[in-house]
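Printed here is upload14.txt (compact mmCIF, C-alpha atoms):
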```txt
# COMPACT_ATOMS: atom_id res chain seq x y z
CA LEU A 1 34.77 9.22 -52.63
CA ASP A 2 35.65 11.00 -49.37
CA LEU A 3 39.01 12.81 -49.45
CA GLY A 4 38.20 15.46 -46.87
CA GLU A 5 40.97 16.99 -44.75
CA ASN A 6 43.84 15.44 -46.69
CA SER A 7 45.77 18.57 -47.73
CA LEU A 8 45.38 17.76 -51.41
CA GLY A 9 46.01 21.30 -52.50
CA THR A 10 45.73 22.52 -56.06
CA ALA A 11 47.86 19.72 -57.48
CA GLY A 12 45.80 16.97 -55.89
CA ALA A 13 42.52 18.49 -57.04
CA SER A 14 43.87 18.94 -60.56
CA ALA A 15 44.86 15.27 -60.68
CA LEU A 16 41.26 14.27 -60.00
CA ARG A 17 39.97 15.82 -63.21
CA HIS A 18 40.98 12.71 -65.15
CA ASN A 19 39.36 10.25 -62.73
CA THR A 20 35.86 11.50 -62.03
CA GLY A 21 34.06 9.85 -64.93
CA SER A 22 32.15 7.29 -62.84
CA LEU A 23 32.00 9.02 -59.45
CA ARG A 24 28.62 9.92 -58.01
CA GLU A 25 29.73 11.63 -54.81
CA LEU A 26 32.95 13.56 -54.20
CA LYS A 27 33.85 15.10 -50.83
CA LEU A 28 36.86 17.43 -50.84
CA ASP A 29 36.27 19.63 -47.80
CA GLN A 30 39.20 21.24 -45.93
CA ASN A 31 41.87 20.60 -48.57
CA ASP A 32 43.23 24.09 -49.38
CA ILE A 33 42.37 23.60 -53.02
CA GLY A 34 42.21 27.24 -54.10
CA TYR A 35 41.00 28.75 -57.37
CA PHE A 36 43.05 26.68 -59.84
CA GLY A 37 41.97 23.44 -58.17
CA ILE A 38 38.33 24.54 -58.28
CA ALA A 39 38.72 25.47 -61.95
CA ALA A 40 40.15 22.00 -62.69
CA ILE A 41 37.20 20.33 -60.97
CA ALA A 42 34.77 22.56 -62.87
CA PHE A 43 36.46 21.58 -66.14
CA ALA A 44 36.05 17.90 -65.22
CA LEU A 45 32.37 18.43 -64.43
CA LYS A 46 31.92 19.96 -67.84
CA HIS A 47 32.33 16.49 -69.35
CA ASN A 48 30.89 14.48 -66.46
CA SER A 49 27.41 12.96 -66.48
CA CYS A 50 27.50 10.97 -63.23
CA LEU A 51 28.52 13.23 -60.32
CA THR A 52 25.56 14.30 -58.18
CA HIS A 53 27.17 15.35 -54.85
CA LEU A 54 30.09 17.78 -54.57
CA ASP A 55 31.40 19.11 -51.24
CA LEU A 56 34.02 21.88 -51.43
CA SER A 57 33.50 23.33 -47.97
CA GLY A 58 36.40 25.09 -46.28
CA ASN A 59 38.57 25.39 -49.39
CA ASP A 60 38.89 29.17 -49.56
CA VAL A 61 36.71 29.33 -52.66
CA ASP A 62 36.62 32.94 -53.85
CA GLU A 63 34.36 34.70 -56.35
CA LYS A 64 36.36 33.32 -59.32
CA GLY A 65 35.87 29.75 -58.13
CA ALA A 66 32.18 30.44 -57.58
CA LYS A 67 31.88 31.76 -61.14
CA ALA A 68 33.54 28.60 -62.51
CA LEU A 69 31.04 26.42 -60.64
CA ALA A 70 28.17 28.69 -61.64
CA TYR A 71 29.02 28.08 -65.29
CA ILE A 72 28.67 24.33 -64.71
CA LEU A 73 25.30 24.85 -63.03
CA SER A 74 24.11 26.93 -65.96
CA LEU A 75 24.61 24.06 -68.40
CA SER A 76 21.24 22.67 -69.37
CA VAL A 77 19.71 20.89 -72.30
CA GLY A 78 19.00 24.19 -74.04
CA ASN A 79 22.49 25.70 -74.07
CA ILE A 80 24.94 22.80 -74.29
CA THR A 81 27.36 22.14 -77.15
CA PRO A 82 28.61 18.83 -78.58
CA LEU A 83 31.61 19.13 -76.24
CA ASN A 84 29.52 19.75 -73.14
CA LYS A 85 27.09 17.58 -71.22
CA PRO A 86 24.15 18.83 -69.17
CA THR A 87 25.00 18.98 -65.49
CA THR A 88 23.77 16.21 -63.23
CA LEU A 89 24.87 17.95 -60.03
CA LEU A 90 22.17 17.73 -57.37
CA HIS A 91 23.94 18.86 -54.20
CA LEU A 92 26.65 21.54 -53.93
CA SER A 93 28.31 22.70 -50.71
CA LEU A 94 30.60 25.76 -50.47
CA ARG A 95 30.42 26.30 -46.71
CA ASN A 96 33.07 28.39 -44.96
CA SER A 97 34.46 30.09 -48.05
CA ARG A 98 34.70 33.69 -49.27
CA ILE A 99 32.64 33.85 -52.42
CA GLY A 100 31.02 37.08 -51.21
CA ASP A 101 28.32 38.98 -53.06
CA ALA A 102 30.05 38.59 -56.44
CA GLY A 103 30.11 34.82 -56.15
CA ALA A 104 26.50 34.75 -54.92
CA VAL A 105 25.40 36.85 -57.90
CA ALA A 106 27.14 34.43 -60.27
CA LEU A 107 25.44 31.45 -58.65
CA ALA A 108 22.11 33.30 -58.78
CA GLU A 109 22.46 33.82 -62.52
CA ALA A 110 22.99 30.07 -62.92
CA LEU A 111 19.97 29.28 -60.74
CA GLN A 112 17.75 31.29 -63.07
CA SER A 113 18.00 28.51 -65.66
CA ASN A 114 19.09 25.48 -63.61
CA THR A 115 16.45 22.78 -63.18
CA SER A 116 18.45 19.99 -61.52
CA LEU A 117 20.13 21.32 -58.35
CA LYS A 118 18.28 20.28 -55.20
CA SER A 119 20.43 21.67 -52.36
CA LEU A 120 22.86 24.58 -52.14
CA HIS A 121 24.86 25.14 -48.95
CA LEU A 122 26.40 28.61 -48.57
CA ARG A 123 26.86 28.94 -44.83
CA ALA A 124 29.46 31.51 -43.72
CA THR A 125 30.45 32.60 -47.22
CA GLY A 126 30.50 36.39 -46.76
CA ILE A 127 27.19 37.01 -48.55
CA GLN A 128 25.52 40.31 -47.76
CA THR A 129 22.42 42.13 -48.97
CA LYS A 130 23.29 42.23 -52.68
CA GLY A 131 24.04 38.52 -52.89
CA GLY A 132 20.99 37.58 -50.83
CA VAL A 133 18.68 39.64 -53.01
CA ALA A 134 20.15 38.09 -56.16
CA LEU A 135 19.60 34.54 -54.89
CA ALA A 136 16.03 35.31 -53.85
CA GLU A 137 15.18 36.91 -57.19
CA ALA A 138 16.63 33.94 -59.08
CA LEU A 139 14.36 31.52 -57.22
CA GLU A 140 11.43 33.85 -57.79
CA THR A 141 11.88 34.08 -61.56
CA ASN A 142 12.74 30.41 -62.21
CA HIS A 143 9.36 28.72 -62.00
CA ASP A 144 10.93 25.38 -62.96
CA SER A 145 13.48 25.46 -60.16
CA SER A 146 14.07 22.17 -58.36
CA LEU A 147 15.97 23.64 -55.39
CA VAL A 148 14.66 22.12 -52.16
CA THR A 149 17.24 23.27 -49.59
CA LEU A 150 19.03 26.62 -49.38
CA GLU A 151 21.44 27.23 -46.50
CA LEU A 152 22.59 30.81 -45.88
CA GLY A 153 23.34 30.83 -42.16
CA PHE A 154 26.08 33.04 -40.71
CA ASN A 155 25.90 35.62 -43.50
CA ARG A 156 24.54 39.16 -43.55
CA VAL A 157 21.62 39.45 -45.93
CA GLY A 158 20.01 42.01 -43.60
CA PRO A 159 16.46 43.38 -43.67
CA MET A 160 16.47 44.11 -47.41
CA GLY A 161 17.64 40.60 -48.24
CA SER A 162 14.93 39.09 -46.05
CA LEU A 163 12.32 41.24 -47.81
CA ALA A 164 13.44 39.71 -51.11
CA PHE A 165 13.18 36.19 -49.65
CA ALA A 166 9.71 36.98 -48.30
CA LYS A 167 8.61 38.07 -51.76
CA MET A 168 10.09 34.92 -53.27
CA LEU A 169 8.33 32.61 -50.80
CA LYS A 170 4.95 33.93 -51.87
CA THR A 171 5.31 32.37 -55.32
CA ASN A 172 8.01 29.68 -55.01
CA SER A 173 6.71 26.12 -54.89
CA SER A 174 9.91 24.03 -54.69
CA LEU A 175 11.81 25.27 -51.63
CA GLN A 176 11.19 23.13 -48.56
CA GLU A 177 14.03 24.18 -46.24
CA LEU A 178 15.43 27.70 -45.78
CA GLU A 179 18.21 28.54 -43.32
CA LEU A 180 18.73 32.23 -42.53
CA TYR A 181 20.03 32.07 -38.96
CA CYS A 182 22.44 34.81 -37.81
CA ASN A 183 21.78 37.14 -40.75
CA GLY A 184 20.86 40.44 -39.04
CA ILE A 185 17.28 40.34 -40.33
CA GLY A 186 15.82 42.56 -37.62
CA VAL A 187 12.20 43.41 -36.88
CA GLU A 188 11.35 44.58 -40.41
CA GLY A 189 12.69 41.43 -42.02
CA GLY A 190 11.04 39.24 -39.39
CA VAL A 191 7.64 40.81 -40.02
CA ALA A 192 8.05 40.33 -43.78
CA LEU A 193 9.10 36.67 -43.50
CA GLY A 194 6.38 35.94 -40.99
CA SER A 195 3.65 37.54 -43.09
CA CYS A 196 4.54 35.70 -46.29
CA LEU A 197 4.03 32.21 -44.85
CA GLN A 198 0.26 32.37 -45.26
CA TYR A 199 0.80 32.38 -49.05
CA ASN A 200 3.38 29.56 -49.11
CA SER A 201 2.44 25.89 -49.38
CA SER A 202 5.83 24.17 -49.80
CA LEU A 203 8.18 25.36 -47.03
CA GLN A 204 8.53 22.80 -44.23
CA LYS A 205 11.61 23.95 -42.28
CA LEU A 206 12.64 27.51 -41.47
CA TYR A 207 15.73 28.48 -39.44
CA LEU A 208 15.79 32.07 -38.16
CA ASN A 209 17.82 31.82 -34.97
CA ASN A 210 19.51 34.94 -33.58
CA ASN A 211 18.05 37.54 -35.90
CA HIS A 212 16.46 39.92 -33.35
CA ILE A 213 13.04 39.93 -35.01
CA GLY A 214 11.46 40.95 -31.69
CA PHE A 215 7.88 40.73 -30.46
CA GLU A 216 6.43 42.28 -33.62
CA GLY A 217 8.14 39.70 -35.79
CA GLY A 218 6.86 36.91 -33.58
CA LYS A 219 3.34 38.31 -33.77
CA ALA A 220 3.53 38.30 -37.58
CA PHE A 221 4.43 34.62 -37.50
CA CYS A 222 1.49 33.86 -35.20
CA THR A 223 -0.99 35.59 -37.49
CA SER A 224 0.37 34.14 -40.72
CA LEU A 225 0.84 30.57 -39.51
CA GLU A 226 -2.86 30.27 -38.74
CA ASN A 227 -3.34 29.95 -42.51
CA ASN A 228 -0.32 27.70 -43.12
CA SER A 229 -0.54 23.92 -42.93
CA THR A 230 2.87 22.81 -44.25
CA LEU A 231 5.48 24.35 -41.93
CA THR A 232 6.44 21.68 -39.38
CA THR A 233 9.82 22.93 -38.10
CA ILE A 234 10.79 26.48 -37.16
CA TYR A 235 13.72 27.77 -35.13
CA LEU A 236 13.28 31.21 -33.55
CA GLY A 237 15.73 31.06 -30.66
CA GLY A 238 17.51 34.26 -29.69
CA ASN A 239 14.86 36.56 -31.18
CA LYS A 240 13.01 37.80 -28.07
CA ILE A 241 9.59 37.13 -29.59
CA GLY A 242 7.94 36.74 -26.18
CA ARG A 243 6.40 33.84 -24.30
CA ILE A 244 2.88 34.30 -25.69
CA ASN A 245 4.06 34.26 -29.30
CA SER A 246 6.32 31.29 -28.64
CA LYS A 247 3.48 29.23 -27.19
CA GLN A 248 1.09 30.05 -30.02
CA ILE A 249 3.67 29.29 -32.73
CA GLN A 250 4.52 25.99 -31.07
CA GLU A 251 0.87 24.94 -30.95
CA ILE A 252 0.35 25.73 -34.64
CA VAL A 253 3.52 23.95 -35.77
CA ASP A 254 2.72 20.91 -33.61
CA THR A 255 -0.73 20.74 -35.21
CA ASN A 256 0.79 20.87 -38.69
CA LEU A 257 3.25 18.13 -37.76
CA ARG A 258 0.50 15.82 -36.47
CA ASN A 259 -1.64 16.42 -39.55
CA ASN A 260 1.25 15.75 -41.92
CA ILE A 261 2.18 12.54 -40.10
CA SER A 262 -1.40 11.28 -40.12
CA THR A 263 -1.67 11.80 -43.88
CA SER A 264 1.75 10.36 -44.73
CA PRO A 265 1.42 6.97 -46.50
CA THR A 266 4.59 5.65 -44.83
CA ILE A 267 3.51 6.43 -41.28
CA GLN A 268 -0.25 6.08 -41.47
CA PRO A 269 -0.33 2.23 -41.12
CA ILE A 270 1.50 2.46 -37.81
CA LEU A 271 -0.98 5.04 -36.55
CA GLN A 272 -3.78 2.65 -37.47
CA ASN A 273 -2.27 -0.12 -35.29
CA GLU A 274 -1.03 -1.98 -38.35
CA SER A 275 2.47 -2.36 -36.98
CA PRO A 276 5.00 -4.15 -39.22
CA PHE A 277 6.63 -5.64 -36.12
CA PRO A 278 5.59 -9.08 -34.70
CA GLN A 279 2.60 -8.86 -32.39
CA ILE A 280 3.07 -9.77 -28.71
CA THR A 281 0.36 -11.89 -27.11
CA THR A 282 -1.17 -10.99 -23.79
CA GLU A 283 0.38 -14.06 -22.17
CA GLU A 284 3.84 -12.68 -22.93
CA VAL A 285 3.18 -9.36 -21.28
CA ILE A 286 4.00 -8.94 -17.59
CA LYS A 287 1.41 -6.63 -16.14
CA ILE A 288 2.69 -4.36 -13.38
CA PRO A 289 0.07 -2.51 -11.33
CA PRO A 290 0.34 1.24 -11.76
CA PHE A 291 1.57 3.56 -9.05
CA GLU A 292 -0.94 5.33 -6.89
CA THR A 293 -1.18 8.95 -7.90
CA THR A 294 -1.67 12.01 -5.78
CA LYS A 295 -2.99 15.44 -6.53
CA SER A 296 0.54 16.78 -7.00
CA THR A 297 2.16 16.81 -10.42
CA SER A 298 4.77 14.19 -9.45
CA TYR A 299 4.56 10.83 -7.73
CA SER A 300 4.77 10.99 -3.96
CA PHE A 301 7.91 9.42 -2.57
CA SER A 302 5.97 7.83 0.27
CA VAL A 303 3.62 6.12 -2.17
CA PHE A 304 6.59 4.93 -4.20
CA ARG A 305 8.33 3.51 -1.10
CA ARG A 306 5.18 1.80 0.21
CA TYR A 307 4.51 0.18 -3.16
CA TRP A 308 7.95 -1.37 -3.47
CA ALA A 309 8.05 -2.35 0.21
CA ASN A 310 4.87 -4.36 -0.27
CA ALA A 311 6.24 -5.88 -3.46
CA LEU A 312 9.45 -6.97 -1.75
CA HIS A 313 7.43 -8.37 1.15
CA ARG A 314 5.33 -10.52 -1.19
CA ILE A 315 8.44 -11.80 -2.97
CA TYR A 316 10.14 -12.67 0.33
CA ARG A 317 7.09 -14.54 1.69
CA THR A 318 6.76 -16.54 -1.51
CA THR A 319 10.43 -17.50 -1.39
CA ARG A 320 10.26 -18.60 2.26
CA ARG A 321 7.10 -20.60 1.65
CA ASN A 322 8.59 -22.53 -1.25
CA LYS A 323 11.95 -23.25 0.40
CA SER A 324 12.33 -24.15 4.08
CA PRO A 325 15.63 -23.68 5.96
CA PRO A 326 17.85 -26.78 5.69
CA ASP A 327 18.29 -27.16 9.49
CA MET A 328 14.55 -27.06 10.30
CA ALA A 329 13.92 -30.71 9.37
CA ALA A 330 16.92 -31.89 11.44
CA ASP A 331 15.76 -30.10 14.60
CA PRO A 332 11.93 -29.97 14.76
CA ASN A 333 12.05 -28.22 18.17
CA LYS A 334 13.93 -25.29 16.72
CA LYS A 335 11.85 -22.15 16.50
CA GLN A 336 10.61 -21.51 13.02
CA HIS A 337 11.58 -18.36 11.18
CA THR A 338 9.07 -15.55 10.96
CA SER A 339 9.21 -14.21 7.50
CA THR A 340 7.63 -10.88 8.45
CA LEU A 341 10.22 -10.16 11.14
CA ASP A 342 13.06 -11.20 8.87
CA PHE A 343 11.68 -8.96 6.14
CA GLN A 344 11.36 -6.01 8.50
CA ASP A 345 15.00 -6.40 9.56
CA GLU A 346 16.15 -6.57 5.95
CA TYR A 347 13.92 -3.66 4.99
CA GLN A 348 15.38 -1.52 7.79
CA ASN A 349 18.85 -2.32 6.52
CA PHE A 350 17.75 -1.57 2.97
CA LYS A 351 16.22 1.75 3.99
CA GLY A 352 19.31 2.71 5.95
CA SER A 353 21.63 1.98 3.04
CA ALA A 354 19.35 3.85 0.64
```

Take the structure in the file and give it back as structure tokens.
Amino acid sequence: LDLGENSLGTAGASALRHNTGSLRELKLDQNDIGYFGIAAIAFALKHNSCLTHLDLSGNDVDEKGAKALAYILSLSVGNITPLNKPTTLLHLSLRNSRIGDAGAVALAEALQSNTSLKSLHLRATGIQTKGGVALAEALETNHDSSLVTLELGFNRVGPMGSLAFAKMLKTNSSLQELELYCNGIGVEGGVALGSCLQYNSSLQKLYLNNNHIGFEGGKAFCTSLENNSTLTTIYLGGNKIGRINSKQIQEIVDTNLRNNISTSPTIQPILQNESPFPQITTEEVIKIPPFETTKSTSYSFSVFRRYWANALHRIYRTTRRNKSPPDMAADPNKKQHTSTLDFQDEYQNFKGSA
């Protein structure tokens, strides 16, 4: 159910608490819901066993709303009551809110015991070092965590927060995508995050744009990635890591991507020429002779023009040979057309218009 940008407010969100029993996905972004609306939704989730996707982005969720949702995430088989049901929530988005460090700490406490949540989106939520450290430590201590994606872009975890994430990545085996762009990580945090990747075997995507990790941070990534075979996507724009580091990182990541594609069971048949699409016979293929190449890196314009001039000439001669002018049979003394001269006149006109 998508009710985004409908100005539901607190009253509209509260009305939904009686009608979410069979919903699997609920999108309520940009609705000015506020704390009481968030609390009503959390109360409904307390008795819900179907909802898996919840989007509350842009609803001015504060630390109280984050604590209410954190309580729902903390419900598991071990600590439920006869009136509560274990949470089935898999994806939670609180982008563009103001949960701050207090809200992040509450969510981190829930993540220490949660084993169902797969993605948590906290972009631009006012999280700083304390909240970032709490989230990283929660993922480090929960060895049964199922979290695959964590988005923390446009926050301010800083160097100390990135050190905590680097420590977590050394032991975490569930996280596959981590977004820390625009977080003021700096050189120290960049070196720590780069160095930890040689111990990680699960992370596939890493976003670190605009963090000023510098040349030293880029060098740490180069050294560590030589012993990493899983990272296939990395964003380091706006970090001034240098051209040499950029080239080396790109080569390593490209190698990882090719190796992962070649071993993937869904893509491997195509690489082995076992295409699922209908095969085209050679009789159905129109073979076009290749262009002549020169020593330069691009095709020469003169070669290109000569090739197509000859092709047009052959087409024109074939057409004139198969179809004579209608007035030639009526007047046999009339001078026959010369296809080459006619072609040259038309080609001059064509070249002039081009």

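Going from atom CA of A:Ser202 to atom CA of A:Ala136 covers 15.6 Å.
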
Identify the residues within 6 Å of coordinate (33.4, 34.2, -54.9) (same frame as the file), considering only C-alpha atoms, and give the answer as a short mmCIF file (atom, residue, chain, number, x, y, z; two decimals) with C-alpha atoms, keeping the file's coordinate frame.
```cif
data_model
loop_
_atom_site.label_atom_id
_atom_site.label_comp_id
_atom_site.auth_asym_id
_atom_site.auth_seq_id
_atom_site.Cartn_x
_atom_site.Cartn_y
_atom_site.Cartn_z
CA ASP A 62 36.62 32.94 -53.85
CA GLU A 63 34.36 34.70 -56.35
CA LYS A 64 36.36 33.32 -59.32
CA ALA A 66 32.18 30.44 -57.58
CA ARG A 98 34.70 33.69 -49.27
CA ILE A 99 32.64 33.85 -52.42
CA GLY A 100 31.02 37.08 -51.21
CA ALA A 102 30.05 38.59 -56.44
CA GLY A 103 30.11 34.82 -56.15
#
```

Could you work out how far atom CA of A:Thr232 lies from atom CA of A:Ser116, giving the answer in Å with one decimal? 25.2 Å

So which residues touch stretch 192-199 of chain A within 9 Å, counting only C-alpha atoms, skipping near sequence neighbours fewer than 5 positions away, as a ChimeraX atom specification? /A:159,162-163,165-171,187,217-229,231

Got a sec: who's within 12 Å of A:Leu1, counting all atoms listed in the file, leaving out chain neighbours fewer than 6 positions off, as a ChimeraX atom specification? /A:16,19-20,22-29,51-55

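Coordinates place atom CA of A:Asn48 at a distance of 8.0 Å from atom CA of A:Thr88.
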
What lies within 9 Å of A:Gln204 using only C-alpha atoms, ignoring chain neighbours under 3 positions off, as a list in words? Leu175, Gln176, Glu177, Leu178, Ser201, Thr230, Leu231, Thr232, Thr233 and Ile234 of chain A

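Near A:Asn96, within a cut-off of 10 Å and counting all atoms listed in the file, sit the residues Asp29, Gln30, Leu56, Ser57, Gly58, Asn59, Asp60, Val61, His121, Leu122, Arg123, Ala124, Thr125, Gly126 and Phe154 of chain A, with same-chain residues fewer than 4 positions away left out.
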
List the spatial neighbours of A:Thr115 as a ChimeraX atom specification - criterion: any atom at most 7 Å away, all atoms listed in the file, same-chain residues fewer than 4 positions off excluded. /A:144-146

So, with all atoms listed in the file as the atoms that count, which of A:Asn200, A:Tyr316, A:Asn31, A:Ala70 lies closest to A:Asp2? A:Asn31

Of the candidates A:His91, A:Ile315, A:Thr129, A:His47, which shows the shortest atom-to-atom distance to A:Glu151, using only C-alpha atoms? A:His91

Mind listing as number ranges by chain all residues within 9 Å of (15.1, 28.9, -57.9), counting all atoms listed in the file? A: 108, 111-115, 135-148, 172, 174-175

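Closest approach to A:Leu90 from the set A:Ala42, A:Lys247, A:Thr149, A:Ala106 is made by A:Thr149, with distances taken over all atoms listed in the file.
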
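Comparing A:Met160, A:Leu236, A:Ala40, A:Leu208 by their smallest distance to A:Cys182, the closest is A:Leu208 (using only C-alpha atoms).
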
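Nearest-residue note for A:Gly242: choosing from A:Ala311, A:Leu45, A:Glu179, A:Glu216, the minimum distance belongs to A:Glu216, counting all atoms listed in the file.
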